[in-house]
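Pasted below: final.cif, mmCIF, N, CA and C atoms.
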data_query
#
loop_
_atom_site.label_atom_id
_atom_site.label_comp_id
_atom_site.auth_asym_id
_atom_site.auth_seq_id
_atom_site.Cartn_x
_atom_site.Cartn_y
_atom_site.Cartn_z
N MET A 1 92.82 2.71 -130.00
CA MET A 1 92.41 1.32 -130.09
C MET A 1 91.13 1.26 -130.92
N ASN A 2 91.09 0.35 -131.87
CA ASN A 2 89.94 0.19 -132.77
C ASN A 2 89.04 -0.92 -132.25
N HIS A 3 87.83 -0.56 -131.86
CA HIS A 3 86.87 -1.55 -131.36
C HIS A 3 85.81 -1.76 -132.43
N ARG A 4 85.90 -2.87 -133.14
CA ARG A 4 84.88 -3.20 -134.14
C ARG A 4 83.77 -3.99 -133.48
N LEU A 5 82.57 -3.65 -133.86
CA LEU A 5 81.42 -4.37 -133.33
C LEU A 5 81.23 -5.68 -134.08
N HIS A 6 80.83 -6.68 -133.34
CA HIS A 6 80.60 -8.00 -133.93
C HIS A 6 79.25 -8.50 -133.45
N PRO A 7 78.38 -8.92 -134.33
CA PRO A 7 78.44 -8.83 -135.79
C PRO A 7 78.19 -7.39 -136.26
N SER A 8 78.41 -7.15 -137.55
CA SER A 8 78.25 -5.78 -138.06
C SER A 8 76.80 -5.31 -137.93
N ASP A 9 75.84 -6.15 -138.21
CA ASP A 9 74.43 -5.85 -137.92
C ASP A 9 74.14 -6.40 -136.53
N PRO A 10 73.52 -5.62 -135.66
CA PRO A 10 73.35 -6.05 -134.27
C PRO A 10 72.42 -7.25 -134.10
N ILE A 11 72.60 -7.89 -132.97
CA ILE A 11 71.68 -8.91 -132.48
C ILE A 11 70.65 -8.16 -131.63
N LEU A 12 69.38 -8.47 -131.81
CA LEU A 12 68.31 -7.84 -131.03
C LEU A 12 67.64 -8.88 -130.14
N ILE A 13 67.59 -8.57 -128.86
CA ILE A 13 66.93 -9.45 -127.89
C ILE A 13 65.66 -8.74 -127.45
N VAL A 14 64.51 -9.40 -127.62
CA VAL A 14 63.22 -8.80 -127.27
C VAL A 14 62.59 -9.65 -126.17
N ASP A 15 62.43 -9.04 -125.00
CA ASP A 15 61.84 -9.73 -123.85
C ASP A 15 61.32 -8.68 -122.89
N ASP A 16 60.20 -8.92 -122.26
CA ASP A 16 59.63 -7.95 -121.34
C ASP A 16 60.27 -8.01 -119.95
N GLU A 17 61.14 -8.97 -119.72
CA GLU A 17 61.79 -9.12 -118.42
C GLU A 17 63.22 -8.59 -118.48
N GLU A 18 63.46 -7.47 -117.80
CA GLU A 18 64.77 -6.82 -117.82
C GLU A 18 65.92 -7.74 -117.38
N PRO A 19 65.74 -8.57 -116.33
CA PRO A 19 66.86 -9.45 -115.94
C PRO A 19 67.27 -10.41 -117.07
N ILE A 20 66.32 -10.88 -117.85
CA ILE A 20 66.65 -11.77 -118.97
C ILE A 20 67.41 -11.00 -120.03
N LEU A 21 66.98 -9.77 -120.32
CA LEU A 21 67.70 -8.94 -121.29
C LEU A 21 69.14 -8.72 -120.85
N THR A 22 69.31 -8.37 -119.58
CA THR A 22 70.65 -8.08 -119.06
C THR A 22 71.56 -9.30 -119.09
N THR A 23 71.07 -10.42 -118.59
CA THR A 23 71.93 -11.61 -118.54
C THR A 23 72.23 -12.15 -119.94
N THR A 24 71.27 -12.08 -120.84
CA THR A 24 71.51 -12.56 -122.20
C THR A 24 72.53 -11.68 -122.90
N LYS A 25 72.42 -10.36 -122.74
CA LYS A 25 73.37 -9.44 -123.35
C LYS A 25 74.77 -9.67 -122.79
N ILE A 26 74.89 -9.83 -121.49
CA ILE A 26 76.19 -10.09 -120.87
C ILE A 26 76.78 -11.40 -121.39
N SER A 27 75.96 -12.43 -121.45
CA SER A 27 76.44 -13.73 -121.95
C SER A 27 76.94 -13.63 -123.39
N LEU A 28 76.21 -12.91 -124.22
CA LEU A 28 76.64 -12.73 -125.61
C LEU A 28 77.93 -11.92 -125.68
N ASN A 29 78.03 -10.86 -124.87
CA ASN A 29 79.25 -10.06 -124.84
C ASN A 29 80.45 -10.90 -124.43
N ILE A 30 80.30 -11.72 -123.42
CA ILE A 30 81.38 -12.60 -122.96
C ILE A 30 81.80 -13.55 -124.06
N SER A 31 80.83 -13.97 -124.90
CA SER A 31 81.11 -14.90 -125.99
C SER A 31 81.66 -14.19 -127.24
N GLY A 32 81.87 -12.88 -127.16
CA GLY A 32 82.47 -12.16 -128.27
C GLY A 32 81.49 -11.41 -129.16
N PHE A 33 80.21 -11.45 -128.82
CA PHE A 33 79.20 -10.73 -129.60
C PHE A 33 79.01 -9.36 -128.94
N THR A 34 79.63 -8.34 -129.52
CA THR A 34 79.67 -7.02 -128.90
C THR A 34 78.61 -6.06 -129.43
N ASN A 35 77.91 -6.45 -130.47
CA ASN A 35 76.90 -5.58 -131.06
C ASN A 35 75.52 -6.16 -130.75
N VAL A 36 75.04 -5.87 -129.53
CA VAL A 36 73.79 -6.45 -129.04
C VAL A 36 72.89 -5.32 -128.56
N GLU A 37 71.66 -5.33 -129.01
CA GLU A 37 70.65 -4.37 -128.55
C GLU A 37 69.55 -5.15 -127.85
N THR A 38 68.86 -4.47 -126.93
CA THR A 38 67.75 -5.09 -126.22
C THR A 38 66.51 -4.21 -126.33
N CYS A 39 65.36 -4.84 -126.18
CA CYS A 39 64.09 -4.12 -126.20
C CYS A 39 63.12 -4.83 -125.25
N SER A 40 62.57 -4.05 -124.31
CA SER A 40 61.64 -4.65 -123.34
C SER A 40 60.18 -4.35 -123.68
N ASP A 41 59.93 -3.55 -124.71
CA ASP A 41 58.56 -3.19 -125.08
C ASP A 41 58.29 -3.64 -126.51
N SER A 42 57.50 -4.66 -126.65
CA SER A 42 57.25 -5.24 -127.98
C SER A 42 56.63 -4.25 -128.96
N ARG A 43 56.00 -3.21 -128.44
CA ARG A 43 55.39 -2.21 -129.33
C ARG A 43 56.43 -1.40 -130.09
N ALA A 44 57.67 -1.40 -129.65
CA ALA A 44 58.74 -0.63 -130.29
C ALA A 44 59.37 -1.36 -131.47
N ILE A 45 59.09 -2.63 -131.63
CA ILE A 45 59.78 -3.44 -132.64
C ILE A 45 59.50 -2.98 -134.06
N GLU A 46 58.28 -2.64 -134.37
CA GLU A 46 57.96 -2.23 -135.74
C GLU A 46 58.83 -1.05 -136.17
N GLU A 47 58.97 -0.05 -135.32
CA GLU A 47 59.81 1.10 -135.63
C GLU A 47 61.29 0.73 -135.70
N MET A 48 61.72 -0.12 -134.81
CA MET A 48 63.13 -0.53 -134.79
C MET A 48 63.53 -1.25 -136.06
N ILE A 49 62.70 -2.19 -136.52
CA ILE A 49 63.06 -2.95 -137.73
C ILE A 49 62.91 -2.10 -138.99
N ALA A 50 62.12 -1.03 -138.91
CA ALA A 50 62.01 -0.13 -140.06
C ALA A 50 63.27 0.72 -140.22
N LYS A 51 63.98 0.94 -139.12
CA LYS A 51 65.16 1.81 -139.12
C LYS A 51 66.47 1.08 -139.40
N ARG A 52 66.53 -0.20 -139.10
CA ARG A 52 67.80 -0.91 -139.27
C ARG A 52 67.61 -2.40 -139.45
N ARG A 53 68.65 -3.03 -139.94
CA ARG A 53 68.69 -4.48 -140.14
C ARG A 53 69.36 -5.11 -138.93
N TYR A 54 68.88 -6.28 -138.54
CA TYR A 54 69.48 -7.04 -137.45
C TYR A 54 69.97 -8.38 -137.99
N SER A 55 71.08 -8.85 -137.45
CA SER A 55 71.61 -10.14 -137.91
C SER A 55 70.78 -11.29 -137.37
N VAL A 56 70.37 -11.18 -136.11
CA VAL A 56 69.54 -12.19 -135.44
C VAL A 56 68.62 -11.46 -134.48
N ILE A 57 67.40 -11.95 -134.37
CA ILE A 57 66.45 -11.42 -133.40
C ILE A 57 65.93 -12.57 -132.56
N THR A 58 65.99 -12.42 -131.24
CA THR A 58 65.35 -13.40 -130.36
C THR A 58 64.08 -12.77 -129.81
N LEU A 59 63.01 -13.52 -129.83
CA LEU A 59 61.70 -13.04 -129.38
C LEU A 59 61.18 -13.90 -128.25
N ASP A 60 60.86 -13.25 -127.15
CA ASP A 60 60.12 -13.95 -126.09
C ASP A 60 58.74 -14.24 -126.66
N LEU A 61 58.22 -15.39 -126.39
CA LEU A 61 56.90 -15.74 -126.92
C LEU A 61 55.79 -14.99 -126.19
N ASN A 62 55.87 -14.93 -124.88
CA ASN A 62 54.79 -14.34 -124.07
C ASN A 62 55.22 -12.98 -123.53
N MET A 63 54.67 -11.93 -124.13
CA MET A 63 54.96 -10.56 -123.71
C MET A 63 53.66 -9.76 -123.72
N PRO A 64 53.60 -8.70 -122.90
CA PRO A 64 52.44 -7.80 -122.99
C PRO A 64 52.41 -7.09 -124.35
N TYR A 65 51.28 -6.65 -124.73
CA TYR A 65 51.03 -5.88 -125.95
C TYR A 65 51.09 -6.77 -127.19
N LEU A 66 52.30 -7.13 -127.66
CA LEU A 66 52.45 -8.00 -128.83
C LEU A 66 53.30 -9.20 -128.45
N SER A 67 52.81 -10.38 -128.74
CA SER A 67 53.57 -11.60 -128.43
C SER A 67 54.63 -11.84 -129.50
N GLY A 68 55.58 -12.70 -129.19
CA GLY A 68 56.56 -13.09 -130.19
C GLY A 68 55.92 -13.71 -131.41
N GLN A 69 54.84 -14.45 -131.20
CA GLN A 69 54.11 -15.08 -132.30
C GLN A 69 53.49 -14.02 -133.22
N GLU A 70 53.05 -12.89 -132.67
CA GLU A 70 52.50 -11.80 -133.47
C GLU A 70 53.59 -11.00 -134.17
N LEU A 71 54.73 -10.83 -133.51
CA LEU A 71 55.83 -10.05 -134.08
C LEU A 71 56.54 -10.78 -135.21
N LEU A 72 56.60 -12.09 -135.13
CA LEU A 72 57.36 -12.88 -136.10
C LEU A 72 56.98 -12.58 -137.55
N PRO A 73 55.71 -12.65 -137.96
CA PRO A 73 55.38 -12.38 -139.36
C PRO A 73 55.70 -10.93 -139.77
N MET A 74 55.55 -10.00 -138.83
CA MET A 74 55.87 -8.60 -139.11
C MET A 74 57.36 -8.45 -139.43
N ILE A 75 58.20 -9.08 -138.62
CA ILE A 75 59.65 -9.01 -138.83
C ILE A 75 60.03 -9.67 -140.15
N LYS A 76 59.50 -10.86 -140.40
CA LYS A 76 59.85 -11.59 -141.62
C LYS A 76 59.37 -10.87 -142.87
N ALA A 77 58.28 -10.11 -142.78
CA ALA A 77 57.79 -9.35 -143.94
C ALA A 77 58.76 -8.23 -144.30
N VAL A 78 59.36 -7.61 -143.30
CA VAL A 78 60.29 -6.50 -143.53
C VAL A 78 61.70 -7.01 -143.83
N HIS A 79 62.14 -8.03 -143.10
CA HIS A 79 63.49 -8.57 -143.23
C HIS A 79 63.43 -10.10 -143.36
N PRO A 80 63.06 -10.60 -144.53
CA PRO A 80 62.89 -12.06 -144.68
C PRO A 80 64.17 -12.87 -144.45
N ASP A 81 65.34 -12.25 -144.59
CA ASP A 81 66.59 -12.99 -144.42
C ASP A 81 67.13 -12.96 -142.99
N THR A 82 66.47 -12.23 -142.12
CA THR A 82 66.92 -12.16 -140.72
C THR A 82 66.49 -13.42 -139.98
N SER A 83 67.44 -14.03 -139.28
CA SER A 83 67.11 -15.21 -138.47
C SER A 83 66.40 -14.76 -137.21
N VAL A 84 65.23 -15.37 -136.95
CA VAL A 84 64.44 -15.04 -135.76
C VAL A 84 64.31 -16.32 -134.94
N ILE A 85 64.69 -16.21 -133.67
CA ILE A 85 64.61 -17.33 -132.74
C ILE A 85 63.55 -17.00 -131.70
N VAL A 86 62.55 -17.85 -131.58
CA VAL A 86 61.48 -17.66 -130.60
C VAL A 86 61.87 -18.40 -129.33
N VAL A 87 61.81 -17.67 -128.21
CA VAL A 87 62.24 -18.21 -126.92
C VAL A 87 61.05 -18.25 -125.98
N THR A 88 60.88 -19.39 -125.30
CA THR A 88 59.78 -19.50 -124.34
C THR A 88 60.10 -20.58 -123.30
N GLY A 89 59.48 -20.43 -122.16
CA GLY A 89 59.60 -21.45 -121.13
C GLY A 89 58.51 -22.50 -121.24
N ALA A 90 57.51 -22.22 -122.06
CA ALA A 90 56.39 -23.15 -122.23
C ALA A 90 56.57 -23.94 -123.52
N GLY A 91 56.27 -25.20 -123.47
CA GLY A 91 56.38 -26.04 -124.67
C GLY A 91 55.01 -26.36 -125.24
N ASP A 92 54.63 -25.65 -126.27
CA ASP A 92 53.34 -25.86 -126.92
C ASP A 92 53.62 -26.24 -128.37
N LEU A 93 53.39 -27.50 -128.71
CA LEU A 93 53.73 -28.00 -130.03
C LEU A 93 53.02 -27.24 -131.14
N GLU A 94 51.76 -26.91 -130.95
CA GLU A 94 50.99 -26.19 -131.97
C GLU A 94 51.59 -24.80 -132.23
N VAL A 95 51.97 -24.12 -131.17
CA VAL A 95 52.58 -22.79 -131.31
C VAL A 95 53.95 -22.91 -131.96
N ALA A 96 54.71 -23.91 -131.57
CA ALA A 96 56.04 -24.12 -132.17
C ALA A 96 55.92 -24.35 -133.67
N VAL A 97 54.99 -25.18 -134.08
CA VAL A 97 54.80 -25.45 -135.51
C VAL A 97 54.38 -24.18 -136.23
N SER A 98 53.48 -23.41 -135.64
CA SER A 98 53.04 -22.15 -136.23
C SER A 98 54.21 -21.19 -136.41
N CYS A 99 55.04 -21.06 -135.39
CA CYS A 99 56.20 -20.17 -135.48
C CYS A 99 57.17 -20.62 -136.57
N MET A 100 57.41 -21.90 -136.66
CA MET A 100 58.33 -22.41 -137.70
C MET A 100 57.74 -22.16 -139.09
N LYS A 101 56.44 -22.35 -139.24
CA LYS A 101 55.79 -22.09 -140.54
C LYS A 101 55.84 -20.61 -140.90
N ASN A 102 55.86 -19.75 -139.89
CA ASN A 102 55.91 -18.31 -140.13
C ASN A 102 57.33 -17.76 -140.25
N GLY A 103 58.31 -18.67 -140.31
CA GLY A 103 59.67 -18.24 -140.61
C GLY A 103 60.66 -18.23 -139.49
N ALA A 104 60.29 -18.73 -138.30
CA ALA A 104 61.27 -18.78 -137.21
C ALA A 104 62.42 -19.70 -137.60
N TYR A 105 63.62 -19.27 -137.28
CA TYR A 105 64.80 -20.09 -137.53
C TYR A 105 64.84 -21.25 -136.53
N ASP A 106 64.41 -20.96 -135.29
CA ASP A 106 64.37 -21.99 -134.25
C ASP A 106 63.34 -21.57 -133.22
N TYR A 107 62.94 -22.55 -132.43
CA TYR A 107 61.93 -22.33 -131.39
C TYR A 107 62.41 -22.99 -130.13
#

Any chance you could give the structure as structure tokens?
Amino acid sequence: MNHRLHPSDPILIVDDEEPILTTTKISLNISGFTNVETCSDSRAIEEMIAKRRYSVITLDLNMPYLSGQELLPMIKAVHPDTSVIVVTGAGDLEVAVSCMKNGAYDY
């Protein structure tokens, strides 16, 4: 049986909360997205994006070490065509505008 991964470049979910990583990955798998990676330590992102291309990256806004707002410009500098979605439970208009100006696909 041939199992092709979809999409060909993985989706990366970055969040410091393991339950969110697990449920998001399961939800994406159920929806047919079988090529999903997760990362709970924001410090690992620089090395990860240097090694491979991702089709979409979701970033938690509030994480220890490096926030999604700090990671966004780093990701866009290396992979300007990768869609980055910033995810947060807090609604801060100033931060949202900053993220969109720095290349977020959505907030």

Atomic distance atom C of His6 of chain A - atom CA of Lys101 of chain A, expressed in Å with one decimal: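 These atoms are spaced 28.0 Å apart.
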
Length of the atom CA of Asn29 of chain A to atom CA of Glu17 of chain A vector [Å]: 18.6 Å

Residue contacts of segment 57-69 of chain A (6 Å, only N, CA and C atoms) excluding same-chain residues fewer than 3 positions away, as a list of chain:residue names: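 Returned residues: A:Ile11, A:Leu12, A:Ile13, A:Val14, A:Asp15, A:Asp16, A:Ser42, A:Arg43, A:Tyr54, A:Leu72, A:Pro73, A:Thr82, A:Ser83, A:Val84, A:Ile85, A:Val86, A:Val87, A:Thr88.
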
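Taking atom CA of His79 of chain A and atom CA of Met48 of chain A as endpoints, the distance between them is 11.7 Å.
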
DSSP alpha helix (DSSP H) residues within chain A, as a count of residues only: 40

Nearest-residue call for Ser98 of chain A, choices A:Leu28, A:Glu70, A:Ala44, A:Ala50, using only C-alpha atoms: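 Ranking A:Leu28, A:Glu70, A:Ala44, A:Ala50 by distance to Ser98 of chain A, first place goes to A:Glu70.
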
Secondary structure check, strand (DSSP E) residues of segment 3-105 of chain A, as an NGL selection string: :A and (11-14 or 36-39 or 56-60 or 83-87)

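For the set A:Val95, A:Asn35, A:Ser40, A:Met100, the residue with the smallest atom-to-atom gap to Leu21 of chain A is A:Ser40, counting all atoms listed in the file.
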
Centre and size of axis-aligned box enclosing segment 65-78 of chain A plus 5 Å each side, as lines of an AutoDock Vina configuration file:
center_x = 56.4
center_y = -10.5
center_z = -134.5
size_x = 20.7
size_y = 19.2
size_z = 29.6

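For the choices A:Leu93, A:Ile75, A:Ile30, A:Leu5, the atom-to-atom distance to Val56 of chain A is smallest for A:Ile75 when using only C-alpha atoms.
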
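Residues lying within 8 Å of Glu46 of chain A, counting only N, CA and C atoms and ignoring same-chain neighbours fewer than 5 positions away, are Asp41, Lys51, Leu71, Met74 and Ile75 of chain A.
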
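Each of A:Ser27, A:Lys76, A:Asp81, A:Thr22 was compared to Asn102 of chain A using all atoms listed in the file, and A:Lys76 turns out to be the nearest.
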
Shortest interatomic distance to Ala104 of chain A - which of A:Thr23, A:Gly91, A:Pro80, A:Ser8, counting only C-alpha atoms: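 Using only C-alpha atoms, the shortest distance to Ala104 of chain A belongs to A:Pro80.
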